$ cat work.cif   # mmCIF, C-alpha atoms
data_protein
#
loop_
_atom_site.group_PDB
_atom_site.id
_atom_site.type_symbol
_atom_site.label_atom_id
_atom_site.label_comp_id
_atom_site.auth_asym_id
_atom_site.auth_seq_id
_atom_site.Cartn_x
_atom_site.Cartn_y
_atom_site.Cartn_z
ATOM 1 C CA MET A 1 21.127 -0.183 -6.616
ATOM 2 C CA LYS A 2 18.344 -2.416 -8.018
ATOM 3 C CA ASN A 3 19.085 -5.042 -5.348
ATOM 4 C CA ARG A 4 18.852 -2.401 -2.646
ATOM 5 C CA PHE A 5 15.411 -1.393 -3.963
ATOM 6 C CA LEU A 6 14.202 -5.008 -3.859
ATOM 7 C CA THR A 7 15.510 -5.310 -0.300
ATOM 8 C CA LEU A 8 13.577 -2.197 0.710
ATOM 9 C CA LEU A 9 10.456 -3.655 -0.870
ATOM 10 C CA SER A 10 10.889 -6.843 1.122
ATOM 11 C CA ILE A 11 11.239 -4.858 4.352
ATOM 12 C CA LEU A 12 8.189 -2.829 3.411
ATOM 13 C CA PHE A 13 5.836 -5.582 2.357
ATOM 14 C CA LEU A 14 6.976 -8.510 4.487
ATOM 15 C CA SER A 15 6.752 -6.586 7.739
ATOM 16 C CA SER A 16 3.837 -6.820 10.158
ATOM 17 C CA MET A 17 0.406 -5.290 9.453
ATOM 18 C CA LEU A 18 0.764 -1.583 8.702
ATOM 19 C CA TYR A 19 -1.177 1.413 9.925
ATOM 20 C CA SER A 20 -2.895 4.023 7.768
ATOM 21 C CA LYS A 21 -2.272 7.418 9.288
ATOM 22 C CA THR A 22 -1.100 10.718 7.836
ATOM 23 C CA LEU A 23 2.336 11.599 9.195
ATOM 24 C CA VAL A 24 2.986 14.846 7.355
ATOM 25 C CA THR A 25 1.768 16.765 4.310
ATOM 26 C CA VAL A 26 4.382 17.949 1.801
ATOM 27 C CA ASN A 27 3.326 20.451 -0.861
ATOM 28 C CA GLY A 28 -0.234 19.167 -0.483
ATOM 29 C CA ASN A 29 0.706 15.491 -0.753
ATOM 30 C CA LYS A 30 0.042 13.351 2.319
ATOM 31 C CA ILE A 31 2.708 10.897 3.530
ATOM 32 C CA ILE A 32 0.799 7.912 4.931
ATOM 33 C CA ASP A 33 2.450 5.591 7.412
ATOM 34 C CA ASP A 34 1.454 2.486 5.461
ATOM 35 C CA ILE A 35 4.667 2.915 3.434
ATOM 36 C CA ILE A 36 6.858 2.160 6.469
ATOM 37 C CA PRO A 37 6.998 -0.905 8.761
ATOM 38 C CA LYS A 38 4.974 -0.986 11.952
ATOM 39 C CA GLY A 39 6.924 0.012 15.054
ATOM 40 C CA TYR A 40 8.177 3.440 14.047
ATOM 41 C CA GLU A 41 6.319 4.897 17.039
ATOM 42 C CA GLN A 42 8.836 3.236 19.345
ATOM 43 C CA LEU A 43 11.732 5.202 17.854
ATOM 44 C CA ASP A 44 13.336 7.812 20.059
ATOM 45 C CA ASP A 45 12.901 11.493 19.182
ATOM 46 C CA THR A 46 16.177 11.728 17.233
ATOM 47 C CA LYS A 47 15.511 8.652 15.106
ATOM 48 C CA ARG A 48 11.893 9.626 14.519
ATOM 49 C CA ALA A 49 12.933 13.110 13.397
ATOM 50 C CA GLN A 50 15.463 11.557 11.010
ATOM 51 C CA LEU A 51 12.803 9.191 9.674
ATOM 52 C CA MET A 52 10.445 12.093 9.029
ATOM 53 C CA GLU A 53 13.131 14.074 7.226
ATOM 54 C CA ASP A 54 13.996 11.055 5.080
ATOM 55 C CA LEU A 55 10.320 10.479 4.217
ATOM 56 C CA ILE A 56 9.831 14.135 3.316
ATOM 57 C CA LYS A 57 12.899 14.183 1.076
ATOM 58 C CA GLU A 58 11.823 10.908 -0.531
ATOM 59 C CA GLU A 59 8.376 12.377 -1.217
ATOM 60 C CA LEU A 60 9.912 15.496 -2.743
ATOM 61 C CA ILE A 61 12.205 13.664 -5.162
ATOM 62 C CA HIS A 62 9.469 11.174 -6.048
ATOM 63 C CA THR A 63 7.018 13.973 -6.866
ATOM 64 C CA TYR A 64 9.655 15.772 -8.924
ATOM 65 C CA LEU A 65 10.618 12.683 -10.934
ATOM 66 C CA LEU A 66 7.043 11.527 -11.496
ATOM 67 C CA GLY A 67 6.461 14.871 -13.182
ATOM 68 C CA GLN A 68 9.394 14.365 -15.554
ATOM 69 C CA ASN A 69 9.543 12.511 -18.883
ATOM 70 C CA ILE A 70 11.334 9.573 -17.265
ATOM 71 C CA SER A 71 8.028 8.415 -15.760
ATOM 72 C CA LYS A 72 6.418 8.367 -19.201
ATOM 73 C CA THR A 73 8.863 5.975 -20.851
ATOM 74 C CA ALA A 74 8.254 2.344 -21.801
ATOM 75 C CA GLU A 75 11.160 1.349 -19.557
ATOM 76 C CA PHE A 76 9.453 2.959 -16.567
ATOM 77 C CA THR A 77 6.107 1.287 -17.316
ATOM 78 C CA GLU A 78 7.718 -2.136 -17.643
ATOM 79 C CA ALA A 79 9.781 -1.773 -14.444
ATOM 80 C CA PHE A 80 6.857 -0.377 -12.451
ATOM 81 C CA ASN A 81 4.454 -3.135 -13.526
ATOM 82 C CA LYS A 82 7.003 -5.778 -12.597
ATOM 83 C CA GLN A 83 7.708 -4.323 -9.142
ATOM 84 C CA LYS A 84 4.038 -3.616 -8.458
ATOM 85 C CA SER A 85 3.088 -7.199 -9.310
ATOM 86 C CA LEU A 86 5.807 -8.589 -7.025
ATOM 87 C CA ALA A 87 4.824 -6.262 -4.172
ATOM 88 C CA GLU A 88 1.118 -7.045 -4.545
ATOM 89 C CA GLN A 89 1.751 -10.789 -4.269
ATOM 90 C CA GLN A 90 3.920 -10.370 -1.172
ATOM 91 C CA TYR A 91 1.584 -7.906 0.536
ATOM 92 C CA LEU A 92 -1.500 -10.023 -0.126
ATOM 93 C CA GLN A 93 0.214 -13.014 1.502
ATOM 94 C CA VAL A 94 1.301 -11.036 4.567
ATOM 95 C CA ALA A 95 -1.474 -8.491 5.099
ATOM 96 C CA GLY A 96 -4.351 -10.201 3.298
ATOM 97 C CA LYS A 97 -5.247 -7.093 1.309
ATOM 98 C CA SER A 98 -4.282 -5.093 -1.753
ATOM 99 C CA LEU A 99 -1.754 -2.296 -1.852
ATOM 100 C CA SER A 100 -2.968 1.183 -0.957
ATOM 101 C CA GLU A 101 -2.699 4.142 -3.315
ATOM 102 C CA SER A 102 0.171 5.593 -1.281
ATOM 103 C CA GLN A 103 2.080 2.300 -1.430
ATOM 104 C CA ILE A 104 1.613 2.093 -5.196
ATOM 105 C CA ARG A 105 2.744 5.687 -5.580
ATOM 106 C CA ASN A 106 5.790 4.945 -3.431
ATOM 107 C CA ILE A 107 6.712 2.090 -5.775
ATOM 108 C CA LYS A 108 6.310 4.422 -8.749
ATOM 109 C CA GLY A 109 8.592 6.982 -7.147
ATOM 110 C CA SER A 110 11.217 4.377 -6.245
ATOM 111 C CA VAL A 111 11.263 3.012 -9.792
ATOM 112 C CA ALA A 112 11.552 6.525 -11.207
ATOM 113 C CA LEU A 113 14.466 7.248 -8.864
ATOM 114 C CA ILE A 114 16.323 4.075 -9.893
ATOM 115 C CA LEU A 115 15.875 4.837 -13.600
ATOM 116 C CA TYR A 116 16.841 8.467 -13.067
ATOM 117 C CA GLN A 117 20.105 7.522 -11.389
ATOM 118 C CA LYS A 118 20.784 4.965 -14.120
ATOM 119 C CA GLN A 119 20.212 7.660 -16.736
ATOM 120 C CA GLN A 120 22.447 10.128 -14.933
ATOM 121 C CA LEU A 121 25.225 7.545 -14.678
ATOM 122 C CA GLN A 122 25.044 6.917 -18.415
ATOM 123 C CA ASN A 123 25.252 10.652 -19.110
ATOM 124 C CA THR A 124 28.096 11.374 -16.698
ATOM 125 C CA PHE A 125 31.610 11.664 -18.139
ATOM 126 C CA ILE A 126 34.774 11.139 -16.122
ATOM 127 C CA SER A 127 38.040 12.074 -17.812
ATOM 128 C CA ASP A 128 41.270 10.069 -17.721
ATOM 129 C CA ALA A 129 42.833 12.979 -15.860
ATOM 130 C CA GLU A 130 40.243 12.641 -13.079
ATOM 131 C CA THR A 131 40.771 8.890 -12.682
ATOM 132 C CA LYS A 132 44.553 9.298 -12.698
ATOM 133 C CA THR A 133 44.407 12.055 -10.095
ATOM 134 C CA PHE A 134 42.273 9.880 -7.823
ATOM 135 C CA TYR A 135 44.669 6.970 -8.260
ATOM 136 C CA ASP A 136 47.726 9.110 -7.507
ATOM 137 C CA ASN A 137 46.130 10.701 -4.443
ATOM 138 C CA ASN A 138 44.847 7.420 -2.955
ATOM 139 C CA GLN A 139 47.756 5.023 -3.341
ATOM 140 C CA ASP A 140 46.961 3.157 -0.123
ATOM 141 C CA LYS A 141 43.574 2.085 -1.519
ATOM 142 C CA PHE A 142 45.222 0.027 -4.258
ATOM 143 C CA ASN A 143 47.476 -2.196 -2.169
ATOM 144 C CA PHE A 144 46.329 -5.805 -1.788
ATOM 145 C CA PRO A 145 47.569 -8.666 0.431
ATOM 146 C CA ASP A 146 48.360 -12.243 -0.558
ATOM 147 C CA SER A 147 45.050 -13.468 -1.988
ATOM 148 C CA ILE A 148 43.354 -16.690 -3.008
ATOM 149 C CA GLU A 149 40.411 -17.505 -5.261
ATOM 150 C CA ILE A 150 38.612 -20.602 -4.039
ATOM 151 C CA ALA A 151 35.654 -22.910 -4.457
ATOM 152 C CA ASN A 152 34.336 -24.451 -1.267
ATOM 153 C CA ILE A 153 31.993 -27.220 -0.120
ATOM 154 C CA ILE A 154 31.043 -27.252 3.579
ATOM 155 C CA MET A 155 29.659 -30.347 5.276
ATOM 156 C CA LYS A 156 28.370 -30.893 8.799
ATOM 157 C CA THR A 157 30.479 -33.977 9.503
ATOM 158 C CA GLU A 158 34.077 -34.878 8.761
ATOM 159 C CA ALA A 159 32.999 -38.203 7.280
ATOM 160 C CA GLU A 160 30.769 -36.476 4.717
ATOM 161 C CA ALA A 161 33.543 -34.068 3.760
ATOM 162 C CA GLU A 162 36.113 -36.883 3.492
ATOM 163 C CA ALA A 163 33.810 -38.821 1.175
ATOM 164 C CA ILE A 164 33.457 -35.803 -1.114
ATOM 165 C CA LEU A 165 37.199 -35.096 -1.037
ATOM 166 C CA ASN A 166 38.038 -38.681 -2.002
ATOM 167 C CA GLN A 167 35.477 -38.538 -4.797
ATOM 168 C CA LEU A 168 36.953 -35.321 -6.194
ATOM 169 C CA LYS A 169 40.544 -36.539 -5.939
ATOM 170 C CA SER A 170 39.837 -38.950 -8.790
ATOM 171 C CA SER A 171 38.116 -36.332 -10.953
ATOM 172 C CA LEU A 172 39.327 -35.858 -14.535
ATOM 173 C CA ASN A 173 37.572 -32.476 -14.801
ATOM 174 C CA LEU A 174 37.742 -30.819 -11.398
ATOM 175 C CA ASP A 175 36.255 -27.507 -12.561
ATOM 176 C CA GLU A 176 32.982 -29.152 -13.600
ATOM 177 C CA ASP A 177 32.872 -31.888 -10.980
ATOM 178 C CA PHE A 178 33.464 -29.560 -8.021
ATOM 179 C CA ILE A 179 30.525 -27.334 -8.949
ATOM 180 C CA ARG A 180 28.338 -30.354 -9.717
ATOM 181 C CA VAL A 181 29.029 -31.928 -6.302
ATOM 182 C CA ALA A 182 28.485 -28.570 -4.592
ATOM 183 C CA ARG A 183 25.071 -28.215 -6.226
ATOM 184 C CA GLU A 184 24.170 -31.781 -5.312
ATOM 185 C CA ASN A 185 24.675 -30.610 -1.711
ATOM 186 C CA GLN A 186 22.605 -27.428 -2.249
ATOM 187 C CA GLN A 187 25.648 -25.164 -2.312
ATOM 188 C CA ASN A 188 27.006 -22.688 -4.839
ATOM 189 C CA GLY A 189 30.583 -23.951 -4.671
ATOM 190 C CA TYR A 190 32.354 -20.864 -6.018
ATOM 191 C CA MET A 191 33.373 -18.464 -3.250
ATOM 192 C CA GLY A 192 35.544 -15.799 -4.928
ATOM 193 C CA TRP A 193 38.711 -13.910 -4.012
ATOM 194 C CA PHE A 194 39.860 -13.497 -0.399
ATOM 195 C CA GLY A 195 42.827 -11.616 0.995
ATOM 196 C CA LYS A 196 44.823 -12.975 3.900
ATOM 197 C CA GLY A 197 42.766 -12.471 7.058
ATOM 198 C CA MET A 198 39.446 -12.613 5.216
ATOM 199 C CA VAL A 199 39.080 -16.381 5.642
ATOM 200 C CA PRO A 200 40.129 -18.639 8.551
ATOM 201 C CA ASP A 201 43.899 -18.999 8.664
ATOM 202 C CA SER A 202 43.583 -22.794 8.498
ATOM 203 C CA ILE A 203 42.088 -22.383 5.020
ATOM 204 C CA PHE A 204 44.448 -19.684 3.810
ATOM 205 C CA SER A 205 47.653 -21.299 5.092
ATOM 206 C CA ASN A 206 46.776 -24.609 3.431
ATOM 207 C CA ALA A 207 45.651 -23.071 0.147
ATOM 208 C CA PHE A 208 48.148 -20.307 -0.603
ATOM 209 C CA PRO A 209 51.312 -22.479 -0.860
ATOM 210 C CA LEU A 210 49.666 -24.682 -3.521
ATOM 211 C CA ALA A 211 49.642 -24.157 -7.280
ATOM 212 C CA PRO A 212 46.406 -22.850 -8.828
ATOM 213 C CA LYS A 213 43.869 -25.464 -9.918
ATOM 214 C CA THR A 214 44.721 -27.681 -6.948
ATOM 215 C CA LEU A 215 42.419 -29.483 -4.568
ATOM 216 C CA ILE A 216 43.573 -29.084 -0.957
ATOM 217 C CA PRO A 217 44.432 -32.693 -0.058
ATOM 218 C CA ARG A 218 42.754 -32.700 3.351
ATOM 219 C CA VAL A 219 39.492 -31.584 4.930
ATOM 220 C CA ILE A 220 39.730 -28.265 6.796
ATOM 221 C CA ASN A 221 37.758 -27.913 10.037
ATOM 222 C CA THR A 222 36.448 -24.468 11.063
ATOM 223 C CA LYS A 223 33.581 -23.219 13.228
ATOM 224 C CA HIS A 224 31.427 -23.263 10.071
ATOM 225 C CA GLY A 225 31.920 -26.989 9.416
ATOM 226 C CA PHE A 226 34.197 -29.279 7.450
ATOM 227 C CA HIS A 227 35.526 -27.742 4.235
ATOM 228 C CA VAL A 228 36.587 -29.236 0.931
ATOM 229 C CA ILE A 229 38.596 -26.498 -0.782
ATOM 230 C CA TYR A 230 39.580 -26.115 -4.435
ATOM 231 C CA LEU A 231 42.237 -23.437 -5.054
ATOM 232 C CA LEU A 232 41.367 -21.770 -8.346
ATOM 233 C CA ASN A 233 43.956 -19.009 -8.410
ATOM 234 C CA LYS A 234 46.200 -16.894 -6.192
ATOM 235 C CA LYS A 235 48.058 -13.585 -6.153
ATOM 236 C CA SER A 236 51.026 -12.470 -4.126
ATOM 237 C CA ALA A 237 50.699 -9.150 -2.291
ATOM 238 C CA GLY A 238 51.162 -6.104 -4.462
ATOM 239 C CA LYS A 239 49.551 -2.983 -5.866
ATOM 240 C CA ILE A 240 46.754 -2.726 -8.410
ATOM 241 C CA THR A 241 48.067 -0.762 -11.375
ATOM 242 C CA TYR A 242 46.340 2.322 -12.675
ATOM 243 C CA ILE A 243 45.325 0.501 -15.859
ATOM 244 C CA GLU A 244 43.737 -2.290 -13.810
ATOM 245 C CA ALA A 245 41.939 0.175 -11.523
ATOM 246 C CA LYS A 246 40.947 2.799 -14.087
ATOM 247 C CA GLU A 247 37.500 1.444 -15.002
ATOM 248 C CA LYS A 248 36.425 0.886 -11.384
ATOM 249 C CA ILE A 249 37.693 4.343 -10.411
ATOM 250 C CA ALA A 250 35.668 5.913 -13.226
ATOM 251 C CA THR A 251 32.537 4.035 -12.128
ATOM 252 C CA MET A 252 33.028 5.087 -8.505
ATOM 253 C CA LEU A 253 33.577 8.743 -9.463
ATOM 254 C CA LYS A 254 30.471 8.687 -11.658
ATOM 255 C CA GLN A 255 28.398 7.279 -8.810
ATOM 256 C CA ARG A 256 29.779 9.868 -6.417
ATOM 257 C CA GLN A 257 29.021 12.697 -8.839
ATOM 258 C CA VAL A 258 25.461 11.466 -9.462
ATOM 259 C CA LEU A 259 24.749 11.078 -5.732
ATOM 260 C CA GLU A 260 26.134 14.535 -4.965
ATOM 261 C CA ALA A 261 23.979 16.075 -7.714
ATOM 262 C CA LEU A 262 20.928 14.165 -6.440
ATOM 263 C CA LYS A 263 21.539 15.337 -2.876
ATOM 264 C CA SER A 264 21.847 18.915 -4.105
ATOM 265 C CA LYS A 265 18.556 18.612 -5.995
ATOM 266 C CA ILE A 266 16.763 17.143 -2.968
ATOM 267 C CA ASP A 267 18.157 19.831 -0.665
ATOM 268 C CA SER A 268 16.919 22.498 -3.091
ATOM 269 C CA LEU A 269 13.429 20.955 -3.166
ATOM 270 C CA TYR A 270 13.442 20.639 0.634
ATOM 271 C CA SER A 271 14.384 24.269 1.180
ATOM 272 C CA ARG A 272 11.343 25.427 -0.805
ATOM 273 C CA ALA A 273 8.833 22.805 0.374
ATOM 274 C CA ASP A 274 5.574 23.575 2.164
ATOM 275 C CA ILE A 275 5.625 21.073 5.059
ATOM 276 C CA LEU A 276 2.656 20.674 7.384
ATOM 277 C CA TYR A 277 2.802 18.298 10.388
#

$ encode --input "work.cif" --output "C-alpha cells"
Amino acid sequence: MKNRFLTLLSILFLSSMLYSKTLVTVNGNKIIDDIIPKGYEQLDDTKRAQLMEDLIKEELIHTYLLGQNISKTAEFTEAFNKQKSLAEQQYLQVAGKSLSESQIRNIKGSVALILYQKQQLQNTFISDAETKTFYDNNQDKFNFPDSIEIANIIMKTEAEAEAILNQLKSSLNLDEDFIRVARENQQNGYMGWFGKGMVPDSIFSNAFPLAPKTLIPRVINTKHGFHVIYLLNKKSAGKITYIEAKEKIATMLKQRQVLEALKSKIDSLYSRADILY
C-alpha cells in the first residue's frame, strides 16, 4: 500500500508541467487540476467522467480523514513531513517551483488514508472459522505446480557467463559467493520461487531435476541473455495445507473487509456531497 502511494507520487510529481484550474467544487472545497498529470483533457468522455468521480471521492475521504484524530497524531506528522519533503524535491527539479496548497493538501489526505487503512487492518479480527471456510470453499486456489527457488546472474555474452560459472564452480561457500558476484555485476542475484511455466522451460527443465543447493553446470541461453543459475530449493506439485495458508488467508480477508468498509464510507459521503461543476 505504501509502495503504491510512492508510485502515485512519482506519477504526480515527475510528470510534465501541470495546469492550475478548478475542475469541480466538493462541499466548498475546490479540486485543482495541478494534482493530476497534464493530458487529462485528451481523455474520452467515459474516462474523463471516471477520473472526475475518482477525484471527487478522493476529496471526500481526504476531507473526512483530515478532520479525524488520525491527522493529529505524531505518526501522521512524521509521515507527512517525509512525503512532503520528497515530493518538494522532485517537483522542484521537474517544474522549477514549489508545491501548491492543493498538492500539499493532497499529500496530507493520501498519508491520512494510508494510516487509516493501516489502523483499520490492525483493529480487524478474522476468526479461525472464517479462514477455514475460505480455505474449504476455494480449494483450487491452494494447488501449486512443480516449483523452484533460484538465484540468477544474467550476462550479455556467453563468454562472460562461462567465466562466472567456472569461477563459482570452485566456490567453497556458494551462498555468499553467488550473491557477491551478482552484486559485482550490478544485479540482485536472488530471484525467488517460480512455478513451472513461470520461467523459460530451458531454465526450469535444467534446474528441477537437480538437488537443492546446486549450481546448474552449464550456461542457459534465453532471450534475456546468458544465465548462470543456482538452484536454492524446489517443491514437487501439491496443495498448500490450511495451516500453511491460514495466516495469508487471514491477511487477505482483513484487507478485503477494510476495503469494503472504506468503499461503503466513501459511497455514503458521495451520496450526501454538494458537488458543483

$ closest_residue --input "work.cif" --among "A:Leu174, A:Ile107, A:Leu113, A:Ile203" --to "Leu259 (chain A)" --atoms "only C-alpha atoms"
A:Leu113

$ closest_residue --input "work.cif" --among "A:Leu66, A:Ala207, A:Ile148, A:Ile32" --to "Ser236 (chain A)" --atoms "all atoms listed in the file"
A:Ile148

$ closest_residue --input "work.cif" --among "A:Ile126, A:Ile61, A:Ala95, A:Ala112" --to "Thr73 (chain A)" --atoms "all atoms listed in the file"
A:Ala112

$ residues_around --input "work.cif" --residues "Glu75 (chain A)" --least-positions-apart "2" --cutoff "12 Å" --atoms "all atoms listed in the file" --output "NGL selection string"
:A and (69-73 or 77-82 or 111-112 or 114-116 or 118-119)

$ residues_around --input "work.cif" --residues "Gln122 (chain A)" --least-positions-apart "6" --cutoff "12 Å" --atoms "all atoms listed in the file" --output "list of chain:residue names"
A:Leu115, A:Tyr116, A:Ala250, A:Thr251, A:Lys254, A:Gln255, A:Gln257, A:Val258

$ closest_residue --input "work.cif" --among "A:Asp34, A:Asp274, A:Glu149, A:Glu244" --to "Ile229 (chain A)" --atoms "all atoms listed in the file"
A:Glu149

$ residues_around --input "work.cif" --residues "Arg180 (chain A)" --least-positions-apart "5" --cutoff "12 Å" --atoms "all atoms listed in the file" --output "list in words"
Ala151, Asn152, Ile153, Ile164, Gln167, Leu168, Ser171, Asn173, Leu174, Asp175, Asn185, Gln186, Gln187, Asn188, Gly189 and Tyr190 of chain A

$ resolve_selection --input "work.cif" --expression "the PyMOL selection byres ((chain A and resi 249) around 12)" --output "PDB file with C-alpha atoms, in the coordinates of the input"
ATOM      1  CA  ILE A 126      34.774  11.139 -16.122  1.00  0.00           C
ATOM      2  CA  SER A 127      38.040  12.074 -17.812  1.00  0.00           C
ATOM      3  CA  ASP A 128      41.270  10.069 -17.721  1.00  0.00           C
ATOM      4  CA  ALA A 129      42.833  12.979 -15.860  1.00  0.00           C
ATOM      5  CA  GLU A 130      40.243  12.641 -13.079  1.00  0.00           C
ATOM      6  CA  THR A 131      40.771   8.890 -12.682  1.00  0.00           C
ATOM      7  CA  LYS A 132      44.553   9.298 -12.698  1.00  0.00           C
ATOM      8  CA  THR A 133      44.407  12.055 -10.095  1.00  0.00           C
ATOM      9  CA  PHE A 134      42.273   9.880  -7.823  1.00  0.00           C
ATOM     10  CA  TYR A 135      44.669   6.970  -8.260  1.00  0.00           C
ATOM     11  CA  ASP A 136      47.726   9.110  -7.507  1.00  0.00           C
ATOM     12  CA  ASN A 138      44.847   7.420  -2.955  1.00  0.00           C
ATOM     13  CA  LYS A 141      43.574   2.085  -1.519  1.00  0.00           C
ATOM     14  CA  PHE A 142      45.222   0.027  -4.258  1.00  0.00           C
ATOM     15  CA  ILE A 240      46.754  -2.726  -8.410  1.00  0.00           C
ATOM     16  CA  THR A 241      48.067  -0.762 -11.375  1.00  0.00           C
ATOM     17  CA  TYR A 242      46.340   2.322 -12.675  1.00  0.00           C
ATOM     18  CA  ILE A 243      45.325   0.501 -15.859  1.00  0.00           C
ATOM     19  CA  GLU A 244      43.737  -2.290 -13.810  1.00  0.00           C
ATOM     20  CA  ALA A 245      41.939   0.175 -11.523  1.00  0.00           C
ATOM     21  CA  LYS A 246      40.947   2.799 -14.087  1.00  0.00           C
ATOM     22  CA  GLU A 247      37.500   1.444 -15.002  1.00  0.00           C
ATOM     23  CA  LYS A 248      36.425   0.886 -11.384  1.00  0.00           C
ATOM     24  CA  ALA A 250      35.668   5.913 -13.226  1.00  0.00           C
ATOM     25  CA  THR A 251      32.537   4.035 -12.128  1.00  0.00           C
ATOM     26  CA  MET A 252      33.028   5.087  -8.505  1.00  0.00           C
ATOM     27  CA  LEU A 253      33.577   8.743  -9.463  1.00  0.00           C
ATOM     28  CA  LYS A 254      30.471   8.687 -11.658  1.00  0.00           C
ATOM     29  CA  GLN A 255      28.398   7.279  -8.810  1.00  0.00           C
ATOM     30  CA  ARG A 256      29.779   9.868  -6.417  1.00  0.00           C
TER      31      ARG A 256
END

$ closest_residue --input "work.cif" --among "A:Thr46, A:Gln83, A:Thr214, A:Ser147" --to "Lys234 (chain A)" --atoms "all atoms listed in the file"
A:Ser147

$ atom_distance --input "work.cif" --atom1 "CA of Asp140 (chain A)" --atom2 "CA of Leu262 (chain A)"
29.0 Å

$ closest_residue --input "work.cif" --among "A:Gln120, A:Ser264, A:Phe144, A:Glu88" --to "Gly197 (chain A)" --atoms "only C-alpha atoms"
A:Phe144

$ atom_distance --input "work.cif" --atom1 "CA of Gly195 (chain A)" --atom2 "CA of Pro145 (chain A)"
5.6 Å

$ build_atoms --input "work.cif" --residues "region 223-236 of chain A" --atoms "N, CA and C atoms" --output "PDB file, keeping the file's coordinate frame"
ATOM      1  N   LYS A 223      34.831 -23.331  12.468  1.00  0.00           N
ATOM      2  CA  LYS A 223      33.581 -23.219  13.228  1.00  0.00           C
ATOM      3  C   LYS A 223      32.355 -23.347  12.331  1.00  0.00           C
ATOM      4  N   HIS A 224      32.546 -23.191  11.005  1.00  0.00           N
ATOM      5  CA  HIS A 224      31.427 -23.263  10.071  1.00  0.00           C
ATOM      6  C   HIS A 224      31.146 -24.694   9.624  1.00  0.00           C
ATOM      7  N   GLY A 225      32.100 -25.609   9.848  1.00  0.00           N
ATOM      8  CA  GLY A 225      31.920 -26.989   9.416  1.00  0.00           C
ATOM      9  C   GLY A 225      33.205 -27.560   8.860  1.00  0.00           C
ATOM     10  N   PHE A 226      33.048 -28.602   8.042  1.00  0.00           N
ATOM     11  CA  PHE A 226      34.197 -29.279   7.450  1.00  0.00           C
ATOM     12  C   PHE A 226      34.263 -28.931   5.963  1.00  0.00           C
ATOM     13  N   HIS A 227      35.397 -28.333   5.564  1.00  0.00           N
ATOM     14  CA  HIS A 227      35.526 -27.742   4.235  1.00  0.00           C
ATOM     15  C   HIS A 227      36.330 -28.613   3.287  1.00  0.00           C
ATOM     16  N   VAL A 228      35.820 -28.702   2.047  1.00  0.00           N
ATOM     17  CA  VAL A 228      36.587 -29.236   0.931  1.00  0.00           C
ATOM     18  C   VAL A 228      36.904 -28.039   0.044  1.00  0.00           C
ATOM     19  N   ILE A 229      38.181 -27.741  -0.115  1.00  0.00           N
ATOM     20  CA  ILE A 229      38.596 -26.498  -0.782  1.00  0.00           C
ATOM     21  C   ILE A 229      39.316 -26.788  -2.096  1.00  0.00           C
ATOM     22  N   TYR A 230      38.931 -26.049  -3.115  1.00  0.00           N
ATOM     23  CA  TYR A 230      39.580 -26.115  -4.435  1.00  0.00           C
ATOM     24  C   TYR A 230      40.207 -24.748  -4.706  1.00  0.00           C
ATOM     25  N   LEU A 231      41.541 -24.696  -4.776  1.00  0.00           N
ATOM     26  CA  LEU A 231      42.237 -23.437  -5.054  1.00  0.00           C
ATOM     27  C   LEU A 231      42.191 -23.171  -6.557  1.00  0.00           C
ATOM     28  N   LEU A 232      41.515 -22.115  -6.937  1.00  0.00           N
ATOM     29  CA  LEU A 232      41.367 -21.770  -8.346  1.00  0.00           C
ATOM     30  C   LEU A 232      42.509 -20.895  -8.845  1.00  0.00           C
ATOM     31  N   ASN A 233      42.914 -19.949  -8.007  1.00  0.00           N
ATOM     32  CA  ASN A 233      43.956 -19.009  -8.410  1.00  0.00           C
ATOM     33  C   ASN A 233      44.517 -18.338  -7.164  1.00  0.00           C
ATOM     34  N   LYS A 234      45.638 -17.634  -7.317  1.00  0.00           N
ATOM     35  CA  LYS A 234      46.200 -16.894  -6.192  1.00  0.00           C
ATOM     36  C   LYS A 234      47.037 -15.733  -6.708  1.00  0.00           C
ATOM     37  N   LYS A 235      47.228 -14.754  -5.837  1.00  0.00           N
ATOM     38  CA  LYS A 235      48.058 -13.585  -6.153  1.00  0.00           C
ATOM     39  C   LYS A 235      48.923 -13.273  -4.950  1.00  0.00           C
ATOM     40  N   SER A 236      50.171 -12.950  -5.212  1.00  0.00           N
ATOM     41  CA  SER A 236      51.026 -12.470  -4.126  1.00  0.00           C
ATOM     42  C   SER A 236      50.719 -11.010  -3.873  1.00  0.00           C
TER      43      SER A 236
END
